[in-house]
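**Student:** Contents of coords_28.pdb (PDB, C-alpha atoms and all ligand atoms):
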```pdb
MODEL        1
ATOM      1  CA  MET Z   1     -88.646-140.413-106.367  1.00  0.00           C
ATOM      2  CA  GLN Z   2     -89.200-138.826-109.746  1.00  0.00           C
ATOM      3  CA  LEU Z   3     -91.733-139.751-112.401  1.00  0.00           C
ATOM      4  CA  VAL Z   4     -90.040-141.060-115.553  1.00  0.00           C
ATOM      5  CA  HIS Z   5     -92.007-140.177-118.669  1.00  0.00           C
ATOM      6  CA  ASP Z   6     -92.879-143.023-121.030  1.00  0.00           C
ATOM      7  CA  ASP Z   7     -91.006-141.384-123.921  1.00  0.00           C
ATOM      8  CA  TYR Z   8     -87.705-141.927-122.040  1.00  0.00           C
ATOM      9  CA  VAL Z   9     -88.244-145.692-122.271  1.00  0.00           C
ATOM     10  CA  GLN Z  10     -86.296-146.895-125.320  1.00  0.00           C
ATOM     11  CA  SER Z  11     -87.143-150.587-125.335  1.00  0.00           C
ATOM     12  CA  ARG Z  12     -89.334-152.969-123.348  1.00  0.00           C
ATOM     13  CA  PHE Z  13     -89.454-156.635-122.403  1.00  0.00           C
ATOM     14  CA  SER Z  14     -92.264-158.776-123.842  1.00  0.00           C
ATOM     15  CA  ASN Z  15     -94.302-158.105-120.663  1.00  0.00           C
ATOM     16  CA  THR Z  16     -93.910-154.356-121.530  1.00  0.00           C
ATOM     17  CA  PHE Z  17     -91.667-153.631-118.507  1.00  0.00           C
ATOM     18  CA  PRO Z  18     -88.870-151.167-119.394  1.00  0.00           C
ATOM     19  CA  ARG Z  19     -85.642-152.783-120.643  1.00  0.00           C
ATOM     20  CA  THR Z  20     -83.653-149.628-121.480  1.00  0.00           C
ATOM     21  CA  VAL Z  21     -84.316-146.034-120.449  1.00  0.00           C
ATOM     22  CA  GLU Z  22     -82.561-142.976-121.869  1.00  0.00           C
ATOM     23  CA  MET Z  23     -82.270-139.954-119.567  1.00  0.00           C
ATOM     24  CA  VAL Z  24     -79.713-137.600-117.999  1.00  0.00           C
ATOM     25  CA  CYS Z  25     -77.707-139.594-115.446  1.00  0.00           C
ATOM     26  CA  PRO Z  26     -77.870-138.193-111.857  1.00  0.00           C
ATOM     27  CA  TYR Z  27     -74.151-139.096-111.385  1.00  0.00           C
ATOM     28  CA  CYS Z  28     -72.275-138.187-114.586  1.00  0.00           C
ATOM     29  CA  LEU Z  29     -74.915-135.577-115.678  1.00  0.00           C
ATOM     30  CA  LYS Z  30     -74.764-136.803-119.285  1.00  0.00           C
ATOM     31  CA  GLU Z  31     -77.560-138.213-121.407  1.00  0.00           C
ATOM     32  CA  ALA Z  32     -77.124-141.957-121.055  1.00  0.00           C
ATOM     33  CA  VAL Z  33     -78.820-145.283-121.627  1.00  0.00           C
ATOM     34  CA  PHE Z  34     -79.768-147.232-118.490  1.00  0.00           C
ATOM     35  CA  GLU Z  35     -80.063-150.994-118.804  1.00  0.00           C
ATOM     36  CA  THR Z  36     -82.244-153.170-116.604  1.00  0.00           C
ATOM     37  CA  GLY Z  37     -81.183-156.413-115.042  1.00  0.00           C
ATOM     38  CA  THR Z  38     -84.375-158.063-113.802  1.00  0.00           C
ATOM     39  CA  TRP Z  39     -87.586-156.672-112.379  1.00  0.00           C
ATOM     40  CA  GLN Z  40     -88.615-158.016-108.976  1.00  0.00           C
ATOM     41  CA  GLU Z  41     -92.077-157.661-107.544  1.00  0.00           C
ATOM     42  CA  HIS Z  42     -92.415-156.344-104.001  1.00  0.00           C
ATOM     43  CA  GLY Z  43     -95.885-156.955-102.596  1.00  0.00           C
ATOM     44  CA  ARG Z  44     -98.638-156.588-105.166  1.00  0.00           C
ATOM     45  CA  GLN Z  45     -98.318-152.951-106.107  1.00  0.00           C
ATOM     46  CA  VAL Z  46     -94.747-152.388-107.187  1.00  0.00           C
ATOM     47  CA  ALA Z  47     -91.807-153.963-109.034  1.00  0.00           C
ATOM     48  CA  ALA Z  48     -88.260-152.636-108.716  1.00  0.00           C
ATOM     49  CA  SER Z  49     -85.049-152.892-110.688  1.00  0.00           C
ATOM     50  CA  GLU Z  50     -81.627-151.274-110.533  1.00  0.00           C
ATOM     51  CA  LEU Z  51     -80.586-149.839-113.870  1.00  0.00           C
ATOM     52  CA  THR Z  52     -76.960-149.078-114.629  1.00  0.00           C
ATOM     53  CA  CYS Z  53     -75.681-146.013-116.483  1.00  0.00           C
ATOM     54  CA  ALA Z  54     -73.874-147.174-119.635  1.00  0.00           C
ATOM     55  CA  ARG Z  55     -71.403-144.254-119.275  1.00  0.00           C
ATOM     56  CA  CYS Z  56     -70.394-144.182-115.591  1.00  0.00           C
ATOM     57  CA  GLU Z  57     -71.919-147.443-114.290  1.00  0.00           C
ATOM     58  CA  GLY Z  58     -73.842-145.553-111.597  1.00  0.00           C
ATOM     59  CA  ASP Z  59     -76.920-147.439-110.356  1.00  0.00           C
ATOM     60  CA  VAL Z  60     -80.374-145.879-110.347  1.00  0.00           C
ATOM     61  CA  LEU Z  61     -83.332-147.563-108.645  1.00  0.00           C
ATOM     62  CA  PHE Z  62     -86.419-147.748-110.852  1.00  0.00           C
ATOM     63  CA  MET Z  63     -89.877-148.552-109.478  1.00  0.00           C
ATOM     64  CA  GLN Z  64     -92.768-149.640-111.637  1.00  0.00           C
ATOM     65  CA  LEU Z  65     -96.331-149.436-110.234  1.00  0.00           C
ATOM     66  CA  LEU Z  66     -98.487-152.461-111.024  1.00  0.00           C
ATOM     67  CA  GLN Z  67    -102.174-152.945-111.749  1.00  0.00           C
ATOM     68  CA  ALA Z  68    -104.325-155.388-109.757  1.00  0.00           C
ATOM     69  CA  ASP Z  69    -103.533-158.184-112.262  1.00  0.00           C
ATOM     70  CA  GLY Z  70     -99.774-157.644-111.907  1.00  0.00           C
ATOM     71  CA  THR Z  71     -99.297-155.936-115.282  1.00  0.00           C
ATOM     72  CA  ARG Z  72     -97.499-152.623-115.727  1.00  0.00           C
ATOM     73  CA  LYS Z  73     -99.421-149.498-114.791  1.00  0.00           C
ATOM     74  CA  GLU Z  74     -99.336-146.869-117.551  1.00  0.00           C
ATOM     75  CA  GLY Z  75     -97.410-143.739-116.514  1.00  0.00           C
ATOM     76  CA  GLY Z  76     -96.283-145.472-113.295  1.00  0.00           C
ATOM     77  CA  LEU Z  77     -92.486-145.536-113.672  1.00  0.00           C
ATOM     78  CA  TYR Z  78     -90.368-143.714-111.041  1.00  0.00           C
ATOM     79  CA  CYS Z  79     -86.643-143.436-110.358  1.00  0.00           C
ATOM     80  CA  TYR Z  80     -84.315-142.616-107.452  1.00  0.00           C
ATOM     81  CA  PRO Z  81     -82.158-140.573-107.350  1.00  0.00           C
ATOM     82  CA  LYS Z  82     -83.889-138.247-109.779  1.00  0.00           C
ATOM     83  CA  SER Z  83     -82.545-137.642-113.271  1.00  0.00           C
ATOM     84  CA  GLY Z  84     -79.839-134.984-113.616  1.00  0.00           C
ATOM     85  CA  GLY Z  85     -81.855-133.296-116.366  1.00  0.00           C
ATOM     86  CA  ARG Z  86     -84.295-130.426-116.131  1.00  0.00           C
ATOM     87  CA  GLU Z  87     -88.004-130.981-116.695  1.00  0.00           C
ATOM     88  CA  ALA Z  88     -90.207-128.487-118.529  1.00  0.00           C
ATOM     89  CA  MET Z  89     -91.656-125.836-116.196  1.00  0.00           C
ATOM     90  CA  PRO Z  90     -95.220-126.314-114.917  1.00  0.00           C
ATOM     91  CA  GLY Z  91     -97.746-124.516-117.131  1.00  0.00           C
ATOM     92  CA  ILE Z  92     -95.504-124.541-120.218  1.00  0.00           C
ATOM     93  CA  GLU Z  93     -98.482-125.881-122.231  1.00  0.00           C
ATOM     94  CA  TYR Z  94     -99.828-122.279-122.342  1.00  0.00           C
ATOM     95  CA  LEU Z  95     -96.808-121.113-124.355  1.00  0.00           C
ATOM     96  CA  SER Z  96     -97.641-123.066-127.511  1.00  0.00           C
ATOM     97  CA  PRO Z  97    -101.076-121.421-128.111  1.00  0.00           C
ATOM     98  CA  LEU Z  98     -99.340-118.030-127.712  1.00  0.00           C
ATOM     99  CA  SER Z  99     -96.537-118.941-130.106  1.00  0.00           C
ATOM    100  CA  ALA Z 100     -95.704-122.433-131.372  1.00  0.00           C
ATOM    101  CA  PRO Z 101     -92.183-121.411-132.545  1.00  0.00           C
ATOM    102  CA  LEU Z 102     -91.447-120.001-129.059  1.00  0.00           C
ATOM    103  CA  ALA Z 103     -92.616-123.232-127.432  1.00  0.00           C
ATOM    104  CA  ARG Z 104     -90.307-125.184-129.765  1.00  0.00           C
ATOM    105  CA  SER Z 105     -87.393-122.865-128.879  1.00  0.00           C
ATOM    106  CA  TYR Z 106     -88.004-123.440-125.152  1.00  0.00           C
ATOM    107  CA  ASP Z 107     -88.074-127.177-125.836  1.00  0.00           C
ATOM    108  CA  SER Z 108     -84.760-126.947-127.742  1.00  0.00           C
ATOM    109  CA  ALA Z 109     -83.193-124.938-124.897  1.00  0.00           C
ATOM    110  CA  LEU Z 110     -84.150-127.686-122.419  1.00  0.00           C
ATOM    111  CA  LYS Z 111     -82.817-130.424-124.710  1.00  0.00           C
ATOM    112  CA  LEU Z 112     -79.507-128.570-125.191  1.00  0.00           C
ATOM    113  CA  TYR Z 113     -79.222-128.020-121.419  1.00  0.00           C
ATOM    114  CA  ASN Z 114     -79.903-131.702-120.795  1.00  0.00           C
ATOM    115  CA  ARG Z 115     -77.174-132.614-123.289  1.00  0.00           C
ATOM    116  CA  ALA Z 116     -74.748-130.389-121.321  1.00  0.00           C
ATOM    117  CA  GLU Z 117     -74.360-128.014-124.295  1.00  0.00           C
ATOM    118  CA  TRP Z 118     -74.255-124.954-122.040  1.00  0.00           C
ATOM    119  CA  GLY Z 119     -73.344-122.261-124.583  1.00  0.00           C
ATOM    120  CA  ALA Z 120     -75.948-123.350-127.134  1.00  0.00           C
ATOM    121  CA  ALA Z 121     -78.539-123.706-124.342  1.00  0.00           C
ATOM    122  CA  ALA Z 122     -77.901-120.155-123.059  1.00  0.00           C
ATOM    123  CA  LEU Z 123     -78.090-118.673-126.589  1.00  0.00           C
ATOM    124  CA  THR Z 124     -81.388-120.455-127.194  1.00  0.00           C
ATOM    125  CA  VAL Z 125     -82.735-119.156-123.864  1.00  0.00           C
ATOM    126  CA  ARG Z 126     -81.794-115.618-124.931  1.00  0.00           C
ATOM    127  CA  HIS Z 127     -83.706-116.262-128.159  1.00  0.00           C
ATOM    128  CA  VAL Z 128     -86.753-117.349-126.092  1.00  0.00           C
ATOM    129  CA  ILE Z 129     -86.602-114.193-123.933  1.00  0.00           C
ATOM    130  CA  ALA Z 130     -86.285-111.963-127.008  1.00  0.00           C
ATOM    131  CA  GLY Z 131     -89.092-113.822-128.808  1.00  0.00           C
ATOM    132  CA  LEU Z 132     -91.379-113.516-125.792  1.00  0.00           C
ATOM    133  CA  ALA Z 133     -90.715-109.767-125.548  1.00  0.00           C
ATOM    134  CA  ASN Z 134     -91.451-109.371-129.294  1.00  0.00           C
ATOM    135  CA  ARG Z 135     -94.661-111.366-129.024  1.00  0.00           C
ATOM    136  CA  MET Z 136     -95.934-109.087-126.244  1.00  0.00           C
ATOM    137  CA  LEU Z 137     -94.786-105.726-127.654  1.00  0.00           C
ATOM    138  CA  GLY Z 138     -96.269-103.478-130.335  1.00  0.00           C
ATOM    139  CA  ASP Z 139     -94.640-103.456-133.806  1.00  0.00           C
ATOM    140  CA  ASP Z 140     -93.003-100.072-133.167  1.00  0.00           C
ATOM    141  CA  LYS Z 141     -90.814-101.403-130.324  1.00  0.00           C
ATOM    142  CA  ARG Z 142     -89.549-104.640-131.853  1.00  0.00           C
ATOM    143  CA  ASP Z 143     -86.364-103.108-133.260  1.00  0.00           C
ATOM    144  CA  MET Z 144     -85.155-101.769-129.892  1.00  0.00           C
ATOM    145  CA  PRO Z 145     -82.251-103.495-128.104  1.00  0.00           C
ATOM    146  CA  LEU Z 146     -83.387-106.408-125.893  1.00  0.00           C
ATOM    147  CA  PRO Z 147     -82.950-104.629-122.509  1.00  0.00           C
ATOM    148  CA  ARG Z 148     -85.086-101.704-123.771  1.00  0.00           C
ATOM    149  CA  ARG Z 149     -87.707-104.135-125.098  1.00  0.00           C
ATOM    150  CA  LEU Z 150     -87.911-105.828-121.676  1.00  0.00           C
ATOM    151  CA  GLU Z 151     -88.333-102.436-119.978  1.00  0.00           C
ATOM    152  CA  ALA Z 152     -91.093-101.558-122.442  1.00  0.00           C
ATOM    153  CA  LEU Z 153     -93.042-104.715-121.492  1.00  0.00           C
ATOM    154  CA  GLY Z 154     -94.177-103.027-118.274  1.00  0.00           C
ATOM    155  CA  GLN Z 155     -96.024-100.371-120.298  1.00  0.00           C
ATOM    156  CA  ASP Z 156     -97.352-102.568-123.113  1.00  0.00           C
ATOM    157  CA  VAL Z 157     -98.664-105.507-121.091  1.00  0.00           C
ATOM    158  CA  ASP Z 158    -101.665-104.966-118.802  1.00  0.00           C
ATOM    159  CA  LEU Z 159    -100.124-106.394-115.631  1.00  0.00           C
ATOM    160  CA  ALA Z 160    -103.080-105.249-113.519  1.00  0.00           C
ATOM    161  CA  LYS Z 161    -105.619-107.380-115.407  1.00  0.00           C
ATOM    162  CA  PRO Z 162    -105.433-110.462-113.123  1.00  0.00           C
ATOM    163  CA  LEU Z 163    -106.216-108.209-110.134  1.00  0.00           C
ATOM    164  CA  GLN Z 164    -109.173-106.570-111.869  1.00  0.00           C
ATOM    165  CA  ASP Z 165    -110.581-110.007-112.785  1.00  0.00           C
ATOM    166  CA  LEU Z 166    -110.306-111.105-109.153  1.00  0.00           C
ATOM    167  CA  ALA Z 167    -111.971-107.955-107.842  1.00  0.00           C
ATOM    168  CA  GLN Z 168    -114.910-108.616-110.156  1.00  0.00           C
ATOM    169  CA  LEU Z 169    -115.303-112.258-109.077  1.00  0.00           C
ATOM    170  CA  LEU Z 170    -115.302-111.319-105.370  1.00  0.00           C
ATOM    171  CA  SER Z 171    -117.589-108.287-105.655  1.00  0.00           C
ATOM    172  CA  PRO Z 172    -121.105-108.749-104.090  1.00  0.00           C
ATOM    173  CA  GLY Z 173    -122.618-109.362-107.552  1.00  0.00           C
ATOM    174  CA  GLY Z 174    -119.680-111.507-108.779  1.00  0.00           C
ATOM    175  CA  THR Z 175    -119.595-115.312-109.135  1.00  0.00           C
ATOM    176  CA  PHE Z 176    -117.914-115.885-105.764  1.00  0.00           C
ATOM    177  CA  GLY Z 177    -119.243-112.777-104.021  1.00  0.00           C
ATOM    178  CA  ARG Z 178    -122.853-114.051-104.358  1.00  0.00           C
ATOM    179  CA  GLN Z 179    -122.012-117.450-102.853  1.00  0.00           C
ATOM    180  CA  PHE Z 180    -120.790-115.987 -99.558  1.00  0.00           C
ATOM    181  CA  GLU Z 181    -124.386-115.019 -98.724  1.00  0.00           C
ATOM    182  CA  ASP Z 182    -125.036-118.670 -97.841  1.00  0.00           C
ATOM    183  CA  GLU Z 183    -121.844-120.270 -96.524  1.00  0.00           C
ATOM    184  CA  ALA Z 184    -123.506-123.655 -95.877  1.00  0.00           C
ATOM    185  CA  ALA Z 185    -124.383-124.013 -99.566  1.00  0.00           C
ATOM    186  CA  ILE Z 186    -120.762-123.719-100.731  1.00  0.00           C
ATOM    187  CA  ASP Z 187    -119.627-127.062-102.169  1.00  0.00           C
ATOM    188  CA  LYS Z 188    -116.237-128.693-102.789  1.00  0.00           C
ATOM    189  CA  VAL Z 189    -115.989-127.373-106.357  1.00  0.00           C
ATOM    190  CA  THR Z 190    -116.466-123.757-105.254  1.00  0.00           C
ATOM    191  CA  ALA Z 191    -114.038-124.116-102.334  1.00  0.00           C
ATOM    192  CA  GLU Z 192    -111.491-125.655-104.718  1.00  0.00           C
ATOM    193  CA  LEU Z 193    -111.881-122.872-107.280  1.00  0.00           C
ATOM    194  CA  MET Z 194    -111.522-120.248-104.506  1.00  0.00           C
ATOM    195  CA  LEU Z 195    -108.360-121.960-103.273  1.00  0.00           C
ATOM    196  CA  GLU Z 196    -106.901-122.036-106.791  1.00  0.00           C
ATOM    197  CA  LEU Z 197    -107.745-118.385-107.229  1.00  0.00           C
ATOM    198  CA  ALA Z 198    -105.946-117.506-103.978  1.00  0.00           C
ATOM    199  CA  GLU Z 199    -102.960-119.637-105.024  1.00  0.00           C
ATOM    200  CA  GLN Z 200    -102.705-117.873-108.363  1.00  0.00           C
ATOM    201  CA  LEU Z 201    -102.830-114.525-106.604  1.00  0.00           C
ATOM    202  CA  ILE Z 202    -100.085-115.635-104.192  1.00  0.00           C
ATOM    203  CA  THR Z 203     -98.013-116.806-107.167  1.00  0.00           C
ATOM    204  CA  TYR Z 204     -98.473-113.464-108.898  1.00  0.00           C
ATOM    205  CA  LEU Z 205     -97.974-111.138-105.920  1.00  0.00           C
ATOM    206  CA  VAL Z 206     -95.630-113.095-103.642  1.00  0.00           C
ATOM    207  CA  VAL Z 207     -93.946-116.088-105.303  1.00  0.00           C
ATOM    208  CA  LEU Z 208     -92.860-114.335-108.512  1.00  0.00           C
ATOM    209  CA  PRO Z 209     -91.167-111.346-106.785  1.00  0.00           C
ATOM    210  CA  GLY Z 210     -89.690-113.703-104.141  1.00  0.00           C
ATOM    211  CA  THR Z 211     -88.175-116.188-106.592  1.00  0.00           C
ATOM    212  CA  MET Z 212     -86.944-113.299-108.771  1.00  0.00           C
ATOM    213  CA  ALA Z 213     -85.139-111.750-105.751  1.00  0.00           C
ATOM    214  CA  ASP Z 214     -83.598-115.153-104.930  1.00  0.00           C
ATOM    215  CA  LEU Z 215     -82.483-115.616-108.536  1.00  0.00           C
ATOM    216  CA  LYS Z 216     -80.920-112.130-108.650  1.00  0.00           C
ATOM    217  CA  ALA Z 217     -79.032-112.876-105.422  1.00  0.00           C
ATOM    218  CA  ARG Z 218     -77.758-116.173-106.897  1.00  0.00           C
ATOM    219  CA  ILE Z 219     -76.701-114.413-110.107  1.00  0.00           C
ATOM    220  CA  ALA Z 220     -74.868-111.757-108.061  1.00  0.00           C
ATOM    221  CA  THR Z 221     -72.914-114.364-106.065  1.00  0.00           C
ATOM    222  CA  ALA Z 222     -72.292-116.867-108.907  1.00  0.00           C
ATOM    223  CA  PRO Z 223     -68.603-117.342-109.689  1.00  0.00           C
ATOM    224  CA  VAL Z 224     -67.615-115.496-112.890  1.00  0.00           C
ATOM    225  CA  PRO Z 225     -66.157-118.005-115.358  1.00  0.00           C
ATOM    226  CA  LEU Z 226     -62.614-117.319-116.572  1.00  0.00           C
ATOM    227  CA  ARG Z 227     -62.489-116.430-120.262  1.00  0.00           C
ATOM    228  CA  ARG Z 228     -61.054-119.212-122.371  1.00  0.00           C
ATOM    229  CA  GLY Z 229     -57.631-118.114-123.604  1.00  0.00           C
ATOM    230  CA  GLY Z 230     -57.682-115.043-121.308  1.00  0.00           C
ATOM    231  CA  SER Z 231     -54.565-113.676-119.685  1.00  0.00           C
ATOM    232  CA  GLY Z 232     -55.634-115.199-116.360  1.00  0.00           C
ATOM    233  CA  VAL Z 233     -54.359-112.246-114.305  1.00  0.00           C
ATOM    234  CA  ALA Z 234     -55.649-112.694-110.766  1.00  0.00           C
TER     235      ALA Z 234
HETATM  236 ZN    ZN Z 301     -73.767-141.876-115.539  1.00  0.00          ZN
ENDMDL
END
```
Mind turning this structure into structure tokens?
Ligand SMILES: [Zn+2]
**Tutor:**
Amino acid sequence: MQLVHDDYVQSRFSNTFPRTVEMVCPYCLKEAVFETGTWQEHGRQVAASELTCARCEGDVLFMQLLQADGTRKEGGLYCYPKSGGREAMPGIEYLSPLSAPLARSYDSALKLYNRAEWGAAALTVRHVIAGLANRMLGDDKRDMPLPRRLEALGQDVDLAKPLQDLAQLLSPGGTFGRQFEDEAAIDKVTAELMLELAEQLITYLVVLPGTMADLKARIATAPVPLRRGGSGVA
């Protein structure tokens, strides 16, 4: 089951249930319009409908959560199988305050990818990587070639800062350090904040290097596409 955002719903019935939904089809992997037949209630909490892809006629099951009075629950539309498109990465909302143009470029890259425009999507992604490097680097390094700029990031960005912040919070005089003196007084909020802190640290120290190693392995074993119009010598 995947949440279907409200902005994918193109038109609605008079009872506000979705009539047509536009998203990337899980079968033909193209952006397509899905049309509803009828919505049927199952129990009191959910209504379901099969929507058909206008391109390939593949059927996708849509589920709509209901409120106690039987009306549509806002933000409660799900589909199975999930859309063939890519969603924005978690935490992407932090990119816009750093650079609104970069956030728009990332958004364009996703849209191009979801429209199966692979070349344009990859070029836009390269633009995002270059823009991010520029945003983080000093003026003197912005004219270097992209690989050199990426290498320079390690010196220009204070990668140790998250660790220093954590050390301070956990020190005997720090916000969390003080609370450990009386374990019984620790409440849900504190435990939750501690857990989030540990999760961020795991993301930073373990998940990021792990997923990067996985990605590098997948890049190394990905089939190399034949050049269009190449000699094709095997
Ligand atoms: Zn389709």
**Student:** Spell out the residues picked by the PyMOL selection byres (((chain Z and resi 114) around 7) and not hetatm) here, as a ChimeraX atom specification.
**Tutor:** /Z:24,31,85-86,110-113,115-116
**Student:** Would you give me, as CSV, each residue of chain Z having an atom within 12 Å of an atom of ligand ZN 301 (chain Z), along with its shortest atom pair and that distance in Å to one decimal, using only C-alpha atoms and all ligand atoms and sorting by chain and residue number?
**Tutor:**
```
residue,atom,partner,partner_atom,distance
Z:Glu22,CA,Z:ZN301,ZN,10.9
Z:Met23,CA,Z:ZN301,ZN,9.6
Z:Val24,CA,Z:ZN301,ZN,7.7
Z:Cys25,CA,Z:ZN301,ZN,4.6
Z:Pro26,CA,Z:ZN301,ZN,6.6
Z:Tyr27,CA,Z:ZN301,ZN,5.0
Z:Cys28,CA,Z:ZN301,ZN,4.1
Z:Leu29,CA,Z:ZN301,ZN,6.4
Z:Lys30,CA,Z:ZN301,ZN,6.4
Z:Glu31,CA,Z:ZN301,ZN,7.9
Z:Ala32,CA,Z:ZN301,ZN,6.5
Z:Val33,CA,Z:ZN301,ZN,8.6
Z:Phe34,CA,Z:ZN301,ZN,8.6
Z:Glu35,CA,Z:ZN301,ZN,11.6
Z:Leu51,CA,Z:ZN301,ZN,10.6
Z:Thr52,CA,Z:ZN301,ZN,7.9
Z:Cys53,CA,Z:ZN301,ZN,4.7
Z:Ala54,CA,Z:ZN301,ZN,6.7
Z:Arg55,CA,Z:ZN301,ZN,5.0
Z:Cys56,CA,Z:ZN301,ZN,4.1
Z:Glu57,CA,Z:ZN301,ZN,6.0
Z:Gly58,CA,Z:ZN301,ZN,5.4
Z:Asp59,CA,Z:ZN301,ZN,8.2
Z:Val60,CA,Z:ZN301,ZN,9.3
Z:Pro81,CA,Z:ZN301,ZN,11.8
Z:Ser83,CA,Z:ZN301,ZN,10.0
Z:Gly84,CA,Z:ZN301,ZN,9.4
Z:Gly85,CA,Z:ZN301,ZN,11.8
```
**Student:** Looking at Z:Ala167, Z:Met144, Z:Ala48, Z:Met136, which one is nearest to Tyr80 in chain Z, with distances taken over all atoms listed in the file?
**Tutor:**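 Result for the nearest residue to Tyr80 in chain Z: Z:Ala48.
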**Student:** Report, in Å to a single decimal, how far apart CA of Arg19 in chain Z and CA of Glu50 in chain Z are.
**Tutor:**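 Atom-to-atom, CA of Glu50 in chain Z and CA of Arg19 in chain Z are spaced 11.0 Å apart.
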**Student:** Taking the file as shown, what set of residues would the PyMOL selection byres (((chain Z and resi 181-197) around 12) and not hetatm) give back, as a list of chain:residue names?
**Tutor:** Z:Pro162, Z:Leu163, Z:Asp165, Z:Leu166, Z:Ala167, Z:Leu169, Z:Leu170, Z:Ser171, Z:Pro172, Z:Gly173, Z:Gly174, Z:Thr175, Z:Phe176, Z:Gly177, Z:Arg178, Z:Gln179, Z:Phe180, Z:Ala198, Z:Glu199, Z:Gln200, Z:Leu201, Z:Ile202, Z:Thr203, Z:Tyr204
**Student:** Just how far from CA of Met63 in chain Z is CA of Pro18 in chain Z, in Å to one decimal?
**Tutor:** 10.3 Å
**Student:** For CA of Ala88 in chain Z and CA of Phe62 in chain Z, quote the distance in Å rounded to one decimal.
**Tutor:** 21.1 Å
**Student:** My list of candidates is Z:Met212, Z:Cys79, Z:Ala152, Z:Ala121. Which is closest to Ser105 in chain Z when distances are computed with all atoms listed in the file?
**Tutor:**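 Residue with the minimum atom-to-atom distance to Ser105 in chain Z: Z:Ala121.
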**Student:** When you look at His42 in chain Z with a cut-off of 12 Å (counting all atoms listed in the file), what residues show up, excluding the ones that are within fewer than 2 positions of it in the same chain? I need them as a ChimeraX atom specification.
**Tutor:** /Z:39-40,44-49,63-66,70
**Student:** Could you check which of Z:Glu93, Z:Asp107, Z:Asp6, Z:Asp140 is closest to Gly76 in chain Z, using only C-alpha atoms?
**Tutor:**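 Among the listed residues, Z:Asp6 lies closest to Gly76 in chain Z.
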**Student:** On this structure, which residues satisfy the PyMOL selection byres (((chain Z and resi 103) around 12) and not hetatm), written as number ranges by chain?
**Tutor:** Z: 88-89, 91-102, 104-110, 124-125, 127-129, 131-132
**Student:** With only C-alpha atoms as the atoms that count, which of Z:Leu159, Z:Val21, Z:Ala122, Z:Asn15 lies nearest to Thr71 in chain Z?
**Tutor:**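 Selected residue with least distance to Thr71 in chain Z: Z:Asn15.
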